[in-house]
Structure formats: C-alpha cells, structure tokens
$ cat model-v3.cif   # mmCIF, C-alpha atoms
data_target
#
loop_
_atom_site.group_PDB
_atom_site.id
_atom_site.type_symbol
_atom_site.label_atom_id
_atom_site.label_comp_id
_atom_site.auth_asym_id
_atom_site.auth_seq_id
_atom_site.Cartn_x
_atom_site.Cartn_y
_atom_site.Cartn_z
ATOM 1 C CA MET A 104 102.027 99.462 101.176
ATOM 2 C CA LYS A 105 99.831 97.741 103.768
ATOM 3 C CA LEU A 106 101.246 96.984 107.217
ATOM 4 C CA LEU A 107 99.931 95.134 110.234
ATOM 5 C CA VAL A 108 101.128 96.106 113.703
ATOM 6 C CA LEU A 109 100.275 93.211 115.970
ATOM 7 C CA ASN A 110 100.594 93.099 119.746
ATOM 8 C CA GLY A 111 100.311 90.072 121.987
ATOM 9 C CA PRO A 112 99.141 89.461 125.525
ATOM 10 C CA ASN A 113 99.082 92.179 128.158
ATOM 11 C CA LEU A 114 100.162 94.949 125.787
ATOM 12 C CA ASN A 115 96.645 96.337 126.084
ATOM 13 C CA MET A 116 97.671 97.071 129.697
ATOM 14 C CA LEU A 117 100.480 99.469 128.769
ATOM 15 C CA GLY A 118 100.588 102.392 131.184
ATOM 16 C CA ILE A 119 99.271 100.153 133.959
ATOM 17 C CA ARG A 120 101.483 97.086 133.682
ATOM 18 C CA GLU A 121 104.953 97.483 135.216
ATOM 19 C CA PRO A 122 105.452 101.156 134.267
ATOM 20 C CA ASP A 123 109.070 100.927 135.462
ATOM 21 C CA ILE A 124 109.698 98.508 132.569
ATOM 22 C CA TYR A 125 107.137 99.544 129.932
ATOM 23 C CA GLY A 126 106.601 103.229 130.706
ATOM 24 C CA LYS A 127 103.486 105.206 131.483
ATOM 25 C CA LYS A 128 102.112 105.655 127.978
ATOM 26 C CA THR A 129 99.044 103.596 127.117
ATOM 27 C CA TYR A 130 98.257 101.188 124.304
ATOM 28 C CA ASN A 131 96.049 103.912 122.779
ATOM 29 C CA ASP A 132 99.046 106.285 122.860
ATOM 30 C CA LEU A 133 101.050 103.657 120.969
ATOM 31 C CA VAL A 134 98.357 103.174 118.330
ATOM 32 C CA GLU A 135 97.973 106.937 117.829
ATOM 33 C CA MET A 136 101.748 107.326 117.375
ATOM 34 C CA ILE A 137 101.870 104.476 114.847
ATOM 35 C CA GLU A 138 98.864 105.718 112.867
ATOM 36 C CA LYS A 139 100.272 109.259 112.727
ATOM 37 C CA HIS A 140 103.652 108.016 111.505
ATOM 38 C CA CYS A 141 102.080 105.779 108.860
ATOM 39 C CA THR A 142 99.843 108.603 107.632
ATOM 40 C CA GLU A 143 102.943 110.787 107.222
ATOM 41 C CA LYS A 144 104.604 107.969 105.248
ATOM 42 C CA SER A 145 101.465 107.307 103.132
ATOM 43 C CA VAL A 146 101.305 103.743 104.418
ATOM 44 C CA SER A 147 98.113 101.889 105.271
ATOM 45 C CA VAL A 148 98.297 100.351 108.762
ATOM 46 C CA LYS A 149 96.066 98.186 110.888
ATOM 47 C CA CYS A 150 96.882 97.904 114.613
ATOM 48 C CA LEU A 151 95.538 94.854 116.415
ATOM 49 C CA GLN A 152 96.072 93.219 119.802
ATOM 50 C CA SER A 153 95.068 89.861 121.245
ATOM 51 C CA ASN A 154 95.650 88.194 124.585
ATOM 52 C CA SER A 155 95.182 84.719 123.122
ATOM 53 C CA GLU A 156 97.569 82.596 121.110
ATOM 54 C CA GLY A 157 94.810 81.412 118.791
ATOM 55 C CA GLY A 158 93.636 84.980 118.235
ATOM 56 C CA LEU A 159 97.139 86.037 117.194
ATOM 57 C CA ILE A 160 97.420 83.059 114.836
ATOM 58 C CA ASP A 161 94.044 83.907 113.269
ATOM 59 C CA ILE A 162 95.189 87.506 112.707
ATOM 60 C CA ILE A 163 98.496 86.376 111.178
ATOM 61 C CA GLN A 164 96.702 83.984 108.831
ATOM 62 C CA GLN A 165 94.173 86.665 107.831
ATOM 63 C CA ALA A 166 97.079 88.982 106.972
ATOM 64 C CA TYR A 167 97.908 86.635 104.097
ATOM 65 C CA PHE A 168 94.407 86.922 102.634
ATOM 66 C CA ASP A 169 94.375 90.688 103.223
ATOM 67 C CA LYS A 170 97.612 90.928 101.187
ATOM 68 C CA ILE A 171 99.546 92.604 104.018
ATOM 69 C CA ASP A 172 103.061 93.594 102.902
ATOM 70 C CA GLY A 173 104.725 93.486 106.311
ATOM 71 C CA ILE A 174 104.090 92.809 109.981
ATOM 72 C CA VAL A 175 105.524 94.600 113.010
ATOM 73 C CA PHE A 176 104.922 92.145 115.821
ATOM 74 C CA ASN A 177 105.351 92.283 119.578
ATOM 75 C CA PRO A 178 104.301 88.787 120.623
ATOM 76 C CA GLY A 179 104.614 89.571 124.338
ATOM 77 C CA GLY A 180 105.035 86.472 126.490
ATOM 78 C CA TYR A 181 104.308 84.199 123.511
ATOM 79 C CA THR A 182 107.726 85.212 122.178
ATOM 80 C CA HIS A 183 109.285 82.629 124.445
ATOM 81 C CA THR A 184 106.689 79.870 124.305
ATOM 82 C CA SER A 185 104.817 79.634 121.009
ATOM 83 C CA VAL A 186 106.019 77.384 118.248
ATOM 84 C CA ALA A 187 102.473 77.674 116.844
ATOM 85 C CA ILE A 188 102.912 81.425 116.283
ATOM 86 C CA LEU A 189 106.281 80.773 114.621
ATOM 87 C CA ASP A 190 104.592 78.223 112.355
ATOM 88 C CA ALA A 191 101.840 80.719 111.446
ATOM 89 C CA LEU A 192 104.447 83.325 110.478
ATOM 90 C CA LYS A 193 106.303 80.770 108.387
ATOM 91 C CA ALA A 194 103.052 79.682 106.722
ATOM 92 C CA VAL A 195 102.102 83.171 105.542
ATOM 93 C CA ASN A 196 105.726 84.159 104.772
ATOM 94 C CA ILE A 197 105.107 87.901 105.248
ATOM 95 C CA PRO A 198 108.204 89.941 106.173
ATOM 96 C CA THR A 199 108.021 90.437 109.939
ATOM 97 C CA VAL A 200 109.908 92.681 112.340
ATOM 98 C CA GLU A 201 109.865 91.486 115.944
ATOM 99 C CA VAL A 202 109.625 94.377 118.408
ATOM 100 C CA HIS A 203 109.941 94.488 122.188
ATOM 101 C CA ILE A 204 109.476 97.630 124.275
ATOM 102 C CA SER A 205 111.783 96.424 127.042
ATOM 103 C CA ASN A 206 115.400 95.362 126.705
ATOM 104 C CA VAL A 207 114.703 91.631 126.678
ATOM 105 C CA PRO A 208 118.374 90.491 126.732
ATOM 106 C CA GLU A 209 118.738 92.152 130.145
ATOM 107 C CA ARG A 210 115.662 90.472 131.618
ATOM 108 C CA GLU A 211 114.968 87.058 133.158
ATOM 109 C CA PRO A 212 116.722 83.957 131.799
ATOM 110 C CA PHE A 213 113.436 82.416 130.604
ATOM 111 C CA ARG A 214 112.973 85.387 128.241
ATOM 112 C CA GLN A 215 116.202 84.729 126.339
ATOM 113 C CA VAL A 216 114.686 82.419 123.708
ATOM 114 C CA SER A 217 112.516 83.946 120.999
ATOM 115 C CA TYR A 218 110.734 81.543 118.693
ATOM 116 C CA VAL A 219 109.572 84.482 116.562
ATOM 117 C CA SER A 220 113.194 85.450 115.886
ATOM 118 C CA TYR A 221 113.635 82.214 113.913
ATOM 119 C CA PHE A 222 111.433 83.838 111.247
ATOM 120 C CA ALA A 223 111.695 87.607 111.776
ATOM 121 C CA CYS A 224 113.830 89.541 109.304
ATOM 122 C CA LYS A 225 114.790 91.941 112.119
ATOM 123 C CA THR A 226 114.433 92.167 115.890
ATOM 124 C CA ILE A 227 114.275 95.495 117.737
ATOM 125 C CA THR A 228 114.439 95.375 121.510
ATOM 126 C CA GLY A 229 114.666 97.962 124.249
ATOM 127 C CA HIS A 230 113.772 101.051 122.197
ATOM 128 C CA GLY A 231 110.375 101.604 123.825
ATOM 129 C CA PHE A 232 107.565 102.752 121.554
ATOM 130 C CA ASP A 233 110.151 104.049 119.069
ATOM 131 C CA GLY A 234 110.995 100.433 118.233
ATOM 132 C CA TYR A 235 107.669 100.156 116.431
ATOM 133 C CA ILE A 236 108.512 103.184 114.278
ATOM 134 C CA GLU A 237 111.933 101.696 113.530
ATOM 135 C CA GLY A 238 110.231 98.453 112.496
ATOM 136 C CA ILE A 239 107.751 100.252 110.262
ATOM 137 C CA ASP A 240 110.518 102.252 108.599
ATOM 138 C CA TYR A 241 112.594 99.109 108.121
ATOM 139 C CA LEU A 242 109.718 97.443 106.270
ATOM 140 C CA ILE A 243 109.042 100.570 104.189
ATOM 141 C CA ASN A 244 112.681 100.812 103.109
ATOM 142 C CA ARG A 245 113.184 97.083 102.603
#

$ encode --input "model-v3.cif" --output "structure tokens"
Amino acid sequence: MKLLVLNGPNLNMLGIREPDIYGKKTYNDLVEMIEKHCTEKSVSVKCLQSNSEGGLIDIIQQAYFDKIDGIVFNPGGYTHTSVAILDALKAVNIPTVEVHISNVPEREPFRQVSYVSYFACKTITGHGFDGYIEGIDYLINR
C-alpha cells in the first residue's frame, strides 16, 4: 500500500504557530511519527507540504500517476476556501481522509464549511497529531 500524507498552508510552522491550538511539536515531529507508524505497518508513505493552492493541486494530481492508494490530507486554511482542491480530489478519485489537528467545529464560524469534506471518505478533527495515525489506519483497514 502506498499512502500520501499531505499538509496545506502554515502546517510547516507547527510548534511556532499558535501553540495553544496546535501544540508545541513541530512539523518534523509529525513526519517522524507518521513514518515510524507506516514502517511498523509495512506501508509506503510520502509526506509533503505546500503553502500554495496550486502546489497542493499539483501534488494531488501527481498522486494519481504515482498510483497512490490513499491520501491523508490536512488542507489547512484551504479547507474552507478551495473548490479547486475539491475538484482535484474528485478528478483523481483516490480515497482521502481529511484531518485537522484542532477541533474545527469549536472554532470560528468561517471555519465551519469544508469543501474537502464533500469528497473525503472520513473526517477526523481535534485529535492532534494522532488524527493522522487514525486516518492512516482507516485507509489501511478500508
């Protein structure tokens, strides 16, 4: 099984950005945790991050050609704004789990709409870094 773990804008700033919401662990800590878990599960994983909408779309499209079996995706702020990312996910039709570190339903009103959720087979929110592991395991067991 080949998985892609994709992170959107500002997630490269984990540990610095709003630690009261996102915690003090860094993006590198997240990647190490994911890679360790996938190694234990004998799953191939690629972890990527982009701050640009076009960059995320390019990565999603490339996942199709790379024959990725599933995507764990935290689209960051593009969750609430990007129909183009939704369209890219629909185009490649790869099972996708939407993940958010924070508890989005308890946050600002403008964060209550997720375009990605129109495609995602599952959404995990508010479980911190563990949400990524839950998403990976969901795709493995699907």

$ resolve_selection --input "model-v3.cif" --expression "the PyMOL selection byres ((chain A and resi 143-149) around 7)" --output "NGL selection string"
:A and (104-108 or 138-142 or 150-151)

$ closest_residue --input "model-v3.cif" --among "A:Met116, A:Val195, A:Leu159, A:Ile137" --to "Gly238 (chain A)" --atoms "all atoms listed in the file"
A:Ile137

$ atom_distance --input "model-v3.cif" --atom1 "CA of Ala187 (chain A)" --atom2 "CA of Asn154 (chain A)"
14.7 Å

$ residues_around --input "model-v3.cif" --residues "Asp132 (chain A)" --least-positions-apart "2" --cutoff "12 Å" --atoms "all atoms listed in the file" --output "list in words"
Leu114, Asn115, Met116, Leu117, Gly118, Gly126, Lys127, Lys128, Thr129, Tyr130, Val134, Glu135, Met136, Ile137, Glu138, Lys139, Cys150, Phe232 and Asp233 of chain A

$ atom_distance --input "model-v3.cif" --atom1 "CA of Gly158 (chain A)" --atom2 "CA of Ser185 (chain A)"
12.7 Å

$ closest_residue --input "model-v3.cif" --among "A:Ser205, A:Thr226, A:Ser220, A:Arg245" --to "Pro122 (chain A)" --atoms "all atoms listed in the file"
A:Ser205

$ resolve_selection --input "model-v3.cif" --expression "the PyMOL selection byres ((chain A and resi 178) around 8)" --output "list in words"
Leu109, Asn110, Gly111, Pro112, Phe176, Asn177, Gly179, Gly180, Tyr181, Thr182, Glu201 and Val219 of chain A

$ closest_residue --input "model-v3.cif" --among "A:Ile119, A:Ile227, A:Ile124, A:Ile239" --to "Arg210 (chain A)" --atoms "all atoms listed in the file"
A:Ile124

$ residues_around --input "model-v3.cif" --residues "Leu242 (chain A)" --least-positions-apart "5" --cutoff "10 Å" --atoms "only C-alpha atoms" --output "VMD selection string"
chain A and resid 104 106 172 to 175 198 to 200 224 to 225 236 to 237

$ atom_distance --input "model-v3.cif" --atom1 "CA of Gln165 (chain A)" --atom2 "CA of Asn196 (chain A)"
12.2 Å

$ residues_near_point --input "model-v3.cif" --point "(109.5, 99.6, 123.6)" --cutoff "7 Å" --atoms "only C-alpha atoms" --output "PyMOL selection string"
chain A and resi 125+203-205+228-234

$ axis_aligned_box --input "model-v3.cif" --around "region 174-192 of chain A" --padding-each-side "4 Å" --output "lines of an AutoDock Vina configuration file"
center_x = 105.6
center_y = 86.0
center_z = 118.2
size_x = 15.4
size_y = 25.2
size_z = 24.5

$ residues_around --input "model-v3.cif" --residues "Gln164 (chain A)" --least-positions-apart "4" --cutoff "8 Å" --atoms "only C-alpha atoms" --output "PyMOL selection string"
chain A and resi 160+168+191-192+194-195

$ decode --input "model-v3.cif" --residues "region 144-159 of chain A" --atoms "all heavy atoms" --output "PDB file, in the first residue's frame"
ATOM      1  N   LYS A 144       3.686  -0.649  10.062  1.00  0.00           N
ATOM      2  CA  LYS A 144       2.545  -1.244   9.358  1.00  0.00           C
ATOM      3  C   LYS A 144       2.924  -1.758   7.971  1.00  0.00           C
ATOM      4  O   LYS A 144       2.059  -2.218   7.227  1.00  0.00           O
ATOM      5  CB  LYS A 144       1.417  -0.214   9.226  1.00  0.00           C
ATOM      6  CG  LYS A 144       0.843   0.270  10.539  1.00  0.00           C
ATOM      7  CD  LYS A 144      -0.047  -0.771  11.135  1.00  0.00           C
ATOM      8  CE  LYS A 144      -0.721  -0.256  12.388  1.00  0.00           C
ATOM      9  NZ  LYS A 144      -1.710  -1.201  12.886  1.00  0.00           N
ATOM     10  N   SER A 145       4.196  -1.655   7.601  1.00  0.00           N
ATOM     11  CA  SER A 145       4.692  -2.065   6.278  1.00  0.00           C
ATOM     12  C   SER A 145       3.964  -1.339   5.142  1.00  0.00           C
ATOM     13  O   SER A 145       3.587  -1.935   4.133  1.00  0.00           O
ATOM     14  CB  SER A 145       4.566  -3.581   6.101  1.00  0.00           C
ATOM     15  OG  SER A 145       5.351  -4.245   7.076  1.00  0.00           O
ATOM     16  N   VAL A 146       3.775  -0.039   5.340  1.00  0.00           N
ATOM     17  CA  VAL A 146       3.109   0.802   4.365  1.00  0.00           C
ATOM     18  C   VAL A 146       4.101   1.842   3.863  1.00  0.00           C
ATOM     19  O   VAL A 146       4.838   2.435   4.651  1.00  0.00           O
ATOM     20  CB  VAL A 146       1.885   1.507   5.019  1.00  0.00           C
ATOM     21  CG1 VAL A 146       1.305   2.568   4.111  1.00  0.00           C
ATOM     22  CG2 VAL A 146       0.825   0.489   5.398  1.00  0.00           C
ATOM     23  N   SER A 147       4.124   2.044   2.562  1.00  0.00           N
ATOM     24  CA  SER A 147       4.953   3.091   1.975  1.00  0.00           C
ATOM     25  C   SER A 147       4.229   4.428   2.136  1.00  0.00           C
ATOM     26  O   SER A 147       3.034   4.530   1.845  1.00  0.00           O
ATOM     27  CB  SER A 147       5.163   2.787   0.489  1.00  0.00           C
ATOM     28  OG  SER A 147       5.809   3.856  -0.148  1.00  0.00           O
ATOM     29  N   VAL A 148       4.945   5.451   2.601  1.00  0.00           N
ATOM     30  CA  VAL A 148       4.316   6.764   2.807  1.00  0.00           C
ATOM     31  C   VAL A 148       5.227   7.865   2.306  1.00  0.00           C
ATOM     32  O   VAL A 148       6.446   7.791   2.416  1.00  0.00           O
ATOM     33  CB  VAL A 148       3.944   7.000   4.293  1.00  0.00           C
ATOM     34  CG1 VAL A 148       5.177   7.112   5.170  1.00  0.00           C
ATOM     35  CG2 VAL A 148       3.040   8.219   4.448  1.00  0.00           C
ATOM     36  N   LYS A 149       4.597   8.872   1.729  1.00  0.00           N
ATOM     37  CA  LYS A 149       5.295  10.085   1.326  1.00  0.00           C
ATOM     38  C   LYS A 149       4.583  11.231   2.029  1.00  0.00           C
ATOM     39  O   LYS A 149       3.360  11.367   1.932  1.00  0.00           O
ATOM     40  CB  LYS A 149       5.216  10.265  -0.189  1.00  0.00           C
ATOM     41  CG  LYS A 149       5.926  11.518  -0.694  1.00  0.00           C
ATOM     42  CD  LYS A 149       5.692  11.723  -2.184  1.00  0.00           C
ATOM     43  CE  LYS A 149       6.759  10.999  -2.961  1.00  0.00           C
ATOM     44  NZ  LYS A 149       6.697  11.313  -4.405  1.00  0.00           N
ATOM     45  N   CYS A 150       5.340  12.051   2.763  1.00  0.00           N
ATOM     46  CA  CYS A 150       4.786  13.211   3.468  1.00  0.00           C
ATOM     47  C   CYS A 150       5.219  14.474   2.735  1.00  0.00           C
ATOM     48  O   CYS A 150       6.417  14.698   2.555  1.00  0.00           O
ATOM     49  CB  CYS A 150       5.280  13.262   4.916  1.00  0.00           C
ATOM     50  SG  CYS A 150       4.757  11.878   5.925  1.00  0.00           S
ATOM     51  N   LEU A 151       4.237  15.270   2.335  1.00  0.00           N
ATOM     52  CA  LEU A 151       4.524  16.507   1.619  1.00  0.00           C
ATOM     53  C   LEU A 151       3.703  17.653   2.205  1.00  0.00           C
ATOM     54  O   LEU A 151       2.636  17.430   2.780  1.00  0.00           O
ATOM     55  CB  LEU A 151       4.212  16.356   0.133  1.00  0.00           C
ATOM     56  CG  LEU A 151       5.037  15.311  -0.621  1.00  0.00           C
ATOM     57  CD1 LEU A 151       4.506  15.119  -2.033  1.00  0.00           C
ATOM     58  CD2 LEU A 151       6.501  15.713  -0.648  1.00  0.00           C
ATOM     59  N   GLN A 152       4.203  18.866   2.010  1.00  0.00           N
ATOM     60  CA  GLN A 152       3.530  20.067   2.497  1.00  0.00           C
ATOM     61  C   GLN A 152       3.719  21.173   1.478  1.00  0.00           C
ATOM     62  O   GLN A 152       4.792  21.305   0.881  1.00  0.00           O
ATOM     63  CB  GLN A 152       4.112  20.480   3.851  1.00  0.00           C
ATOM     64  CG  GLN A 152       3.405  21.626   4.552  1.00  0.00           C
ATOM     65  CD  GLN A 152       3.880  23.016   4.144  1.00  0.00           C
ATOM     66  OE1 GLN A 152       5.014  23.205   3.734  1.00  0.00           O
ATOM     67  NE2 GLN A 152       3.005  23.988   4.255  1.00  0.00           N
ATOM     68  N   SER A 153       2.677  21.967   1.268  1.00  0.00           N
ATOM     69  CA  SER A 153       2.787  23.140   0.407  1.00  0.00           C
ATOM     70  C   SER A 153       1.960  24.271   0.987  1.00  0.00           C
ATOM     71  O   SER A 153       0.868  24.043   1.529  1.00  0.00           O
ATOM     72  CB  SER A 153       2.303  22.829  -1.012  1.00  0.00           C
ATOM     73  OG  SER A 153       2.364  24.001  -1.814  1.00  0.00           O
ATOM     74  N   ASN A 154       2.470  25.481   0.837  1.00  0.00           N
ATOM     75  CA  ASN A 154       1.731  26.666   1.260  1.00  0.00           C
ATOM     76  C   ASN A 154       0.887  27.248   0.140  1.00  0.00           C
ATOM     77  O   ASN A 154       0.168  28.218   0.355  1.00  0.00           O
ATOM     78  CB  ASN A 154       2.704  27.736   1.774  1.00  0.00           C
ATOM     79  CG  ASN A 154       3.292  27.354   3.113  1.00  0.00           C
ATOM     80  OD1 ASN A 154       2.605  26.857   3.985  1.00  0.00           O
ATOM     81  ND2 ASN A 154       4.580  27.579   3.267  1.00  0.00           N
ATOM     82  N   SER A 155       0.958  26.660  -1.051  1.00  0.00           N
ATOM     83  CA  SER A 155       0.210  27.223  -2.176  1.00  0.00           C
ATOM     84  C   SER A 155      -0.870  26.262  -2.664  1.00  0.00           C
ATOM     85  O   SER A 155      -0.695  25.047  -2.685  1.00  0.00           O
ATOM     86  CB  SER A 155       1.146  27.585  -3.325  1.00  0.00           C
ATOM     87  OG  SER A 155       1.597  26.429  -3.989  1.00  0.00           O
ATOM     88  N   GLU A 156      -1.971  26.848  -3.074  1.00  0.00           N
ATOM     89  CA  GLU A 156      -3.098  26.064  -3.579  1.00  0.00           C
ATOM     90  C   GLU A 156      -2.690  25.274  -4.816  1.00  0.00           C
ATOM     91  O   GLU A 156      -2.969  24.079  -4.928  1.00  0.00           O
ATOM     92  CB  GLU A 156      -4.254  27.015  -3.890  1.00  0.00           C
ATOM     93  CG  GLU A 156      -5.524  26.337  -4.331  1.00  0.00           C
ATOM     94  CD  GLU A 156      -6.637  27.336  -4.569  1.00  0.00           C
ATOM     95  OE1 GLU A 156      -6.358  28.486  -5.027  1.00  0.00           O
ATOM     96  OE2 GLU A 156      -7.793  26.982  -4.299  1.00  0.00           O
ATOM     97  N   GLY A 157      -2.000  25.929  -5.735  1.00  0.00           N
ATOM     98  CA  GLY A 157      -1.561  25.248  -6.950  1.00  0.00           C
ATOM     99  C   GLY A 157      -0.599  24.115  -6.659  1.00  0.00           C
ATOM    100  O   GLY A 157      -0.653  23.055  -7.292  1.00  0.00           O
ATOM    101  N   GLY A 158       0.294  24.331  -5.687  1.00  0.00           N
ATOM    102  CA  GLY A 158       1.226  23.273  -5.292  1.00  0.00           C
ATOM    103  C   GLY A 158       0.503  22.052  -4.760  1.00  0.00           C
ATOM    104  O   GLY A 158       0.856  20.911  -5.089  1.00  0.00           O
ATOM    105  N   LEU A 159      -0.527  22.273  -3.952  1.00  0.00           N
ATOM    106  CA  LEU A 159      -1.310  21.151  -3.412  1.00  0.00           C
ATOM    107  C   LEU A 159      -2.037  20.423  -4.535  1.00  0.00           C
ATOM    108  O   LEU A 159      -2.069  19.183  -4.569  1.00  0.00           O
ATOM    109  CB  LEU A 159      -2.307  21.653  -2.361  1.00  0.00           C
ATOM    110  CG  LEU A 159      -1.671  22.177  -1.077  1.00  0.00           C
ATOM    111  CD1 LEU A 159      -2.701  22.927  -0.241  1.00  0.00           C
ATOM    112  CD2 LEU A 159      -1.044  21.053  -0.273  1.00  0.00           C
TER     113      LEU A 159
END
